[in-house]
Amino acid sequence: RGISTCATCDGAFFKDEDVVVVGGGDAAMEEAVFLTRYARKVTLIHRSDTFRASKIEYQRAVDHPKIEIKPFRTVKKWTSATKEGAFLPELTGVVLEDPRDGSVEELDCSGAFIAIGHKPITAFLDGQVTTDEEGYIVNQEHTMTSVPGVFAAGDVVDKRYRQAITAAAMGCQAAIDAERWLQEQEAHA
């Protein structure tokens, strides 16, 4: 209803509307620049004036006429309203707080994109399969992990695309790999 983590997936829903992007890394800059294809205005919100984005990604955002960068802002709360005839509320804005002095401002927007980094949810595996230094599972053969018969796909292995459609495709690959692995196990039994 207005808040997303994927500009590529949902950006087109906000044609000629004002949106915000929350974050300060490459993902936030890429999302902000991408959203300028659709949105009337993109406001980039970041908690400090130090950005983790690469210089080139940061400069692309700074130089874009549709992007306004608001440093020293954190999201205090989202505002919403239910349109006549609708059942669920939709995003109408955001209340921003300056962490330096506690001052607040309200910003109207119909879309918000959260781009505060990606962390794969793999800690529960507790080292049972091989992961890299960021926690992404390292597949050994196609989609099989370091544990024979255990397959991984989607956001836990994909550092680059991080899209639902690529995760679904990888899931299909993993299912096929698992089926073939099981057939091989039966043949050797």
# chains A, B, ... in the order shown; residues from 1 in each chain; ligands from 1
$ closest_atom_pairs --of "range 9-120 of chain A" --to "range 160-182 of chain A" --cutoff "12 Å" --atoms "only C-alpha atoms" --output "Markdown table"
| residue | atom | partner | partner_atom | distance |
| --- | --- | --- | --- | --- |
| A:Cys9 | CA | A:Gln163 | CA | 7.8 |
| A:Asp10 | CA | A:Gln163 | CA | 11.2 |
| A:Asp26 | CA | A:Arg160 | CA | 11.9 |
| A:Ala27 | CA | A:Arg160 | CA | 10.5 |
| A:Ala115 | CA | A:Arg162 | CA | 11.8 |
| A:Gly117 | CA | A:Arg162 | CA | 11.1 |
| A:His118 | CA | A:Arg162 | CA | 8.8 |
| A:Lys119 | CA | A:Arg162 | CA | 10.9 |
| A:Pro120 | CA | A:Arg162 | CA | 10.4 |
$ residues_around --residues "range 105-114 of chain A" --least-positions-apart "6" --cutoff "6 Å" --atoms "only C-alpha atoms" --output "list of chain:residue names"
A:Gly2, A:Ile3, A:Ser4, A:Thr5, A:Asp18, A:Val19, A:Val20, A:Val21, A:Val22, A:Leu91, A:Thr92, A:Gly93, A:Val94, A:Val95, A:Leu96
$ closest_residue --among "A:Gly85, A:Val104, A:Arg52, A:Ala152" --to "Arg73 in chain A" --atoms "only C-alpha atoms"
A:Val104
$ select_by_dssp --residues "range 74-103 of chain A" --states "strand (DSSP E or B)" --output "number ranges by chain"
A: 74-81, 90-97
$ residues_around --residues "Gly24 in chain A" --least-positions-apart "4" --cutoff "12 Å" --atoms "only C-alpha atoms" --output "PyMOL selection string"
chain A and resi 28-32+43-55+57-58+61+69-74+114-117
$ write_last_selection --atoms "N, CA, C and O atoms" --output "short mmCIF file (atom, residue, chain, number, x, y, z; two decimals), in the first residue's frame"
data_model
loop_
_atom_site.label_atom_id
_atom_site.label_comp_id
_atom_site.auth_asym_id
_atom_site.auth_seq_id
_atom_site.Cartn_x
_atom_site.Cartn_y
_atom_site.Cartn_z
N ALA A 28 20.47 2.35 -2.54
CA ALA A 28 19.58 3.51 -2.42
C ALA A 28 19.77 4.46 -3.60
O ALA A 28 18.79 4.97 -4.16
N MET A 29 21.01 4.70 -3.98
CA MET A 29 21.27 5.61 -5.11
C MET A 29 20.72 5.03 -6.41
O MET A 29 20.08 5.74 -7.20
N GLU A 30 20.93 3.73 -6.62
CA GLU A 30 20.43 3.07 -7.83
C GLU A 30 18.90 3.12 -7.87
O GLU A 30 18.32 3.40 -8.91
N GLU A 31 18.26 2.85 -6.73
CA GLU A 31 16.80 2.88 -6.67
C GLU A 31 16.29 4.29 -6.95
O GLU A 31 15.33 4.48 -7.71
N ALA A 32 16.92 5.29 -6.35
CA ALA A 32 16.48 6.68 -6.55
C ALA A 32 16.59 7.07 -8.02
O ALA A 32 15.64 7.64 -8.59
N THR A 43 12.76 11.87 -3.24
CA THR A 43 13.50 12.42 -2.11
C THR A 43 14.27 11.29 -1.47
O THR A 43 13.68 10.28 -1.05
N LEU A 44 15.58 11.45 -1.39
CA LEU A 44 16.45 10.45 -0.78
C LEU A 44 16.70 10.85 0.66
O LEU A 44 17.20 11.95 0.93
N ILE A 45 16.36 9.97 1.58
CA ILE A 45 16.46 10.24 3.01
C ILE A 45 17.60 9.41 3.58
O ILE A 45 17.66 8.19 3.36
N HIS A 46 18.50 10.08 4.32
CA HIS A 46 19.61 9.35 4.94
C HIS A 46 19.89 9.93 6.32
O HIS A 46 19.76 11.13 6.54
N ARG A 47 20.29 9.07 7.22
CA ARG A 47 20.45 9.46 8.64
C ARG A 47 21.64 10.37 8.92
O ARG A 47 21.74 10.93 10.01
N SER A 48 22.58 10.47 7.99
CA SER A 48 23.73 11.35 8.21
C SER A 48 24.10 12.02 6.89
O SER A 48 23.39 11.89 5.91
N ASP A 49 25.22 12.72 6.89
CA ASP A 49 25.68 13.31 5.63
C ASP A 49 26.85 12.53 5.05
O ASP A 49 27.50 12.96 4.11
N THR A 50 27.11 11.35 5.61
CA THR A 50 28.13 10.45 5.11
C THR A 50 27.43 9.29 4.44
O THR A 50 26.67 8.57 5.08
N PHE A 51 27.70 9.11 3.16
CA PHE A 51 27.03 8.07 2.38
C PHE A 51 28.01 6.94 2.10
O PHE A 51 29.18 7.18 1.79
N ARG A 52 27.52 5.70 2.17
CA ARG A 52 28.36 4.54 1.87
C ARG A 52 28.39 4.23 0.38
O ARG A 52 29.13 3.38 -0.06
N ALA A 53 27.59 4.91 -0.38
CA ALA A 53 27.54 4.68 -1.82
C ALA A 53 28.88 5.02 -2.46
O ALA A 53 29.64 5.86 -1.95
N SER A 54 29.15 4.38 -3.59
CA SER A 54 30.36 4.72 -4.35
C SER A 54 30.22 6.15 -4.85
O SER A 54 29.12 6.69 -4.98
N LYS A 55 31.35 6.77 -5.15
CA LYS A 55 31.33 8.16 -5.61
C LYS A 55 30.49 8.33 -6.86
O LYS A 55 29.74 9.29 -6.99
N GLU A 57 27.92 6.43 -8.00
CA GLU A 57 26.49 6.26 -7.75
C GLU A 57 25.94 7.49 -7.00
O GLU A 57 24.85 7.98 -7.31
N TYR A 58 26.69 7.96 -6.02
CA TYR A 58 26.27 9.15 -5.28
C TYR A 58 26.15 10.35 -6.21
O TYR A 58 25.16 11.08 -6.17
N ALA A 61 23.05 10.45 -8.38
CA ALA A 61 21.85 10.89 -7.65
C ALA A 61 21.89 12.40 -7.41
O ALA A 61 20.90 13.10 -7.63
N ILE A 69 18.15 15.30 -2.04
CA ILE A 69 18.76 14.52 -0.97
C ILE A 69 18.56 15.25 0.35
O ILE A 69 18.88 16.44 0.46
N LYS A 70 18.01 14.53 1.33
CA LYS A 70 17.80 15.08 2.66
C LYS A 70 18.65 14.30 3.66
O LYS A 70 18.23 13.26 4.17
N PRO A 71 19.86 14.82 3.95
CA PRO A 71 20.68 14.15 4.96
C PRO A 71 20.18 14.50 6.36
O PRO A 71 19.38 15.42 6.53
N PHE A 72 20.70 13.79 7.33
CA PHE A 72 20.33 13.99 8.73
C PHE A 72 18.82 13.87 8.93
O PHE A 72 18.20 14.69 9.59
N ARG A 73 18.25 12.84 8.34
CA ARG A 73 16.82 12.58 8.53
C ARG A 73 16.62 11.08 8.78
O ARG A 73 17.23 10.25 8.12
N THR A 74 15.76 10.79 9.73
CA THR A 74 15.32 9.41 9.96
C THR A 74 13.81 9.39 9.90
O THR A 74 13.15 10.40 10.15
N ILE A 114 12.46 1.28 0.62
CA ILE A 114 13.44 1.07 1.67
C ILE A 114 14.65 0.37 1.05
O ILE A 114 14.55 -0.74 0.55
N ALA A 115 15.78 1.05 1.07
CA ALA A 115 17.01 0.53 0.46
C ALA A 115 18.15 0.67 1.46
O ALA A 115 19.12 1.39 1.23
N ILE A 116 18.01 0.00 2.57
CA ILE A 116 18.99 0.15 3.65
C ILE A 116 19.91 -1.06 3.73
O ILE A 116 20.42 -1.39 4.79
N GLY A 117 20.11 -1.70 2.62
CA GLY A 117 21.05 -2.82 2.58
C GLY A 117 20.35 -4.16 2.55
O GLY A 117 19.17 -4.27 2.86
#
$ closest_residue --among "A:Ile67, A:Val156, A:Cys6, A:Val147" --to "Glu134 in chain A" --atoms "only C-alpha atoms"
A:Val156
$ select_by_dssp --residues "chain A" --states "alpha helix (DSSP H)" --output "JSON, numbers by chain"
{"A": [7, 8, 9, 10, 26, 27, 28, 29, 30, 31, 32, 33, 34, 35, 55, 56, 57, 58, 59, 60, 61, 62, 63, 164, 165, 166, 167, 168, 169, 170, 171, 172, 173, 174, 175, 176, 177, 178, 179, 180, 181, 182, 183, 184, 185, 186, 187, 188]}
$ residues_around --residues "range 35-39 of chain A" --least-positions-apart "6" --cutoff "7 Å" --atoms "only C-alpha atoms" --output "MDAnalysis selection string"
chainID A and resid 7 11:12 14:19 66
$ write_last_selection --atoms "C-alpha atoms" --output "PDB file, in the first residue's frame"
ATOM      1  CA  ALA A   7      11.944  -0.001  -7.226  1.00  0.00           C
ATOM      2  CA  GLY A  11       8.316   1.899  -9.466  1.00  0.00           C
ATOM      3  CA  ALA A  12       5.880   2.037 -12.375  1.00  0.00           C
ATOM      4  CA  PHE A  14       4.090   5.703  -8.946  1.00  0.00           C
ATOM      5  CA  LYS A  15       4.018   7.470 -12.297  1.00  0.00           C
ATOM      6  CA  ASP A  16       4.045  11.271 -11.829  1.00  0.00           C
ATOM      7  CA  GLU A  17       3.910  10.929  -8.036  1.00  0.00           C
ATOM      8  CA  ASP A  18       6.294  11.949  -5.253  1.00  0.00           C
ATOM      9  CA  VAL A  19       8.255   9.106  -3.642  1.00  0.00           C
ATOM     10  CA  LYS A  66      14.362  14.985 -10.014  1.00  0.00           C
TER      11      LYS A  66
END
$ residues_around --residues "Glu90 in chain A" --least-positions-apart "2" --cutoff "7 Å" --atoms "only C-alpha atoms" --output "PyMOL selection string"
chain A and resi 1-2+80-82+88+92
$ write_last_selection --atoms "all heavy atoms" --output "compact mmCIF listing (two decimals), in the first residue's frame"
# COMPACT_ATOMS: atom_id res chain seq x y z
N ARG A 1 0.82 -1.20 0.00
CA ARG A 1 0.00 0.00 0.00
C ARG A 1 0.85 1.26 0.00
O ARG A 1 0.53 2.24 0.63
CB ARG A 1 -0.95 -0.01 1.18
CG ARG A 1 -1.95 -1.15 1.21
CD ARG A 1 -2.57 -1.31 -0.03
NE ARG A 1 -4.00 -1.41 -0.17
CZ ARG A 1 -4.52 -1.38 -1.37
NH1 ARG A 1 -3.78 -1.22 -2.42
NH2 ARG A 1 -5.79 -1.51 -1.53
N GLY A 2 2.04 1.17 -0.65
CA GLY A 2 2.87 2.35 -0.78
C GLY A 2 4.31 2.17 -0.34
O GLY A 2 5.15 2.97 -0.70
N SER A 80 -0.79 7.65 6.65
CA SER A 80 -1.62 6.97 5.65
C SER A 80 -3.07 7.40 5.80
O SER A 80 -3.45 7.99 6.81
CB SER A 80 -1.51 5.45 5.81
OG SER A 80 -1.99 5.06 7.09
N ALA A 81 -3.84 7.10 4.79
CA ALA A 81 -5.28 7.38 4.80
C ALA A 81 -5.97 6.35 3.92
O ALA A 81 -5.37 5.80 2.99
CB ALA A 81 -5.55 8.79 4.28
N THR A 82 -7.22 6.11 4.23
CA THR A 82 -8.02 5.19 3.43
C THR A 82 -8.87 6.01 2.46
O THR A 82 -9.65 6.86 2.89
CB THR A 82 -8.93 4.33 4.32
OG1 THR A 82 -8.10 3.65 5.28
CG2 THR A 82 -9.70 3.31 3.50
N LEU A 88 -8.25 -0.73 2.49
CA LEU A 88 -6.99 -0.59 3.21
C LEU A 88 -6.41 0.81 3.02
O LEU A 88 -6.58 1.42 1.97
CB LEU A 88 -5.99 -1.62 2.68
CG LEU A 88 -6.37 -3.09 2.89
CD1 LEU A 88 -5.40 -4.00 2.14
CD2 LEU A 88 -6.39 -3.43 4.37
N THR A 92 0.48 8.21 2.60
CA THR A 92 0.27 9.61 2.20
C THR A 92 1.49 10.48 2.51
O THR A 92 1.59 11.58 2.01
CB THR A 92 -0.95 10.21 2.93
OG1 THR A 92 -0.75 10.11 4.34
CG2 THR A 92 -2.25 9.52 2.53
$ closest_residue --among "A:Glu97, A:Asp132, A:Glu184, A:Asp155" --to "Trp78 in chain A" --atoms "only C-alpha atoms"
A:Glu97
$ atom_distance --atom1 "CA of Thr130 in chain A" --atom2 "CA of Ala189 in chain A"
27.0 Å
$ decode --residues "range 141-180 of chain A" --atoms "C-alpha atoms" --output "PDB file, in the first residue's frame"
ATOM      1  CA  GLU A 141      27.616 -27.334  -7.946  1.00  0.00           C
ATOM      2  CA  HIS A 142      24.770 -25.477  -9.664  1.00  0.00           C
ATOM      3  CA  THR A 143      22.394 -24.830  -6.761  1.00  0.00           C
ATOM      4  CA  MET A 144      23.741 -27.487  -4.375  1.00  0.00           C
ATOM      5  CA  THR A 145      25.382 -26.166  -1.237  1.00  0.00           C
ATOM      6  CA  SER A 146      28.437 -27.615   0.497  1.00  0.00           C
ATOM      7  CA  VAL A 147      26.098 -30.231   1.978  1.00  0.00           C
ATOM      8  CA  PRO A 148      25.074 -32.903  -0.548  1.00  0.00           C
ATOM      9  CA  GLY A 149      21.314 -32.872  -1.029  1.00  0.00           C
ATOM     10  CA  VAL A 150      20.847 -29.341   0.331  1.00  0.00           C
ATOM     11  CA  PHE A 151      20.084 -26.729  -2.311  1.00  0.00           C
ATOM     12  CA  ALA A 152      19.883 -22.942  -2.053  1.00  0.00           C
ATOM     13  CA  ALA A 153      18.330 -20.270  -4.260  1.00  0.00           C
ATOM     14  CA  GLY A 154      17.122 -16.689  -4.223  1.00  0.00           C
ATOM     15  CA  ASP A 155      18.057 -13.974  -1.763  1.00  0.00           C
ATOM     16  CA  VAL A 156      20.335 -16.226   0.301  1.00  0.00           C
ATOM     17  CA  VAL A 157      22.691 -16.729  -2.674  1.00  0.00           C
ATOM     18  CA  ASP A 158      21.976 -13.804  -5.012  1.00  0.00           C
ATOM     19  CA  LYS A 159      24.081 -10.709  -4.309  1.00  0.00           C
ATOM     20  CA  ARG A 160      23.548  -9.058  -7.646  1.00  0.00           C
ATOM     21  CA  TYR A 161      19.952  -9.073  -8.884  1.00  0.00           C
ATOM     22  CA  ARG A 162      17.863  -9.480  -5.714  1.00  0.00           C
ATOM     23  CA  GLN A 163      14.607  -9.594  -7.654  1.00  0.00           C
ATOM     24  CA  ALA A 164      11.572 -11.783  -7.002  1.00  0.00           C
ATOM     25  CA  ILE A 165      11.572 -13.055 -10.561  1.00  0.00           C
ATOM     26  CA  THR A 166      15.220 -14.135 -10.445  1.00  0.00           C
ATOM     27  CA  ALA A 167      14.636 -15.761  -7.049  1.00  0.00           C
ATOM     28  CA  ALA A 168      11.692 -17.676  -8.521  1.00  0.00           C
ATOM     29  CA  ALA A 169      13.810 -18.785 -11.476  1.00  0.00           C
ATOM     30  CA  MET A 170      16.600 -19.883  -9.131  1.00  0.00           C
ATOM     31  CA  GLY A 171      14.018 -21.771  -7.068  1.00  0.00           C
ATOM     32  CA  CYS A 172      13.002 -23.629 -10.214  1.00  0.00           C
ATOM     33  CA  GLN A 173      16.658 -24.448 -10.896  1.00  0.00           C
ATOM     34  CA  ALA A 174      17.084 -25.723  -7.342  1.00  0.00           C
ATOM     35  CA  ALA A 175      13.973 -27.908  -7.652  1.00  0.00           C
ATOM     36  CA  ILE A 176      15.281 -29.453 -10.865  1.00  0.00           C
ATOM     37  CA  ASP A 177      18.724 -29.945  -9.329  1.00  0.00           C
ATOM     38  CA  ALA A 178      17.169 -31.587  -6.250  1.00  0.00           C
ATOM     39  CA  GLU A 179      15.033 -33.885  -8.389  1.00  0.00           C
ATOM     40  CA  ARG A 180      18.065 -34.955 -10.452  1.00  0.00           C
TER      41      ARG A 180
END
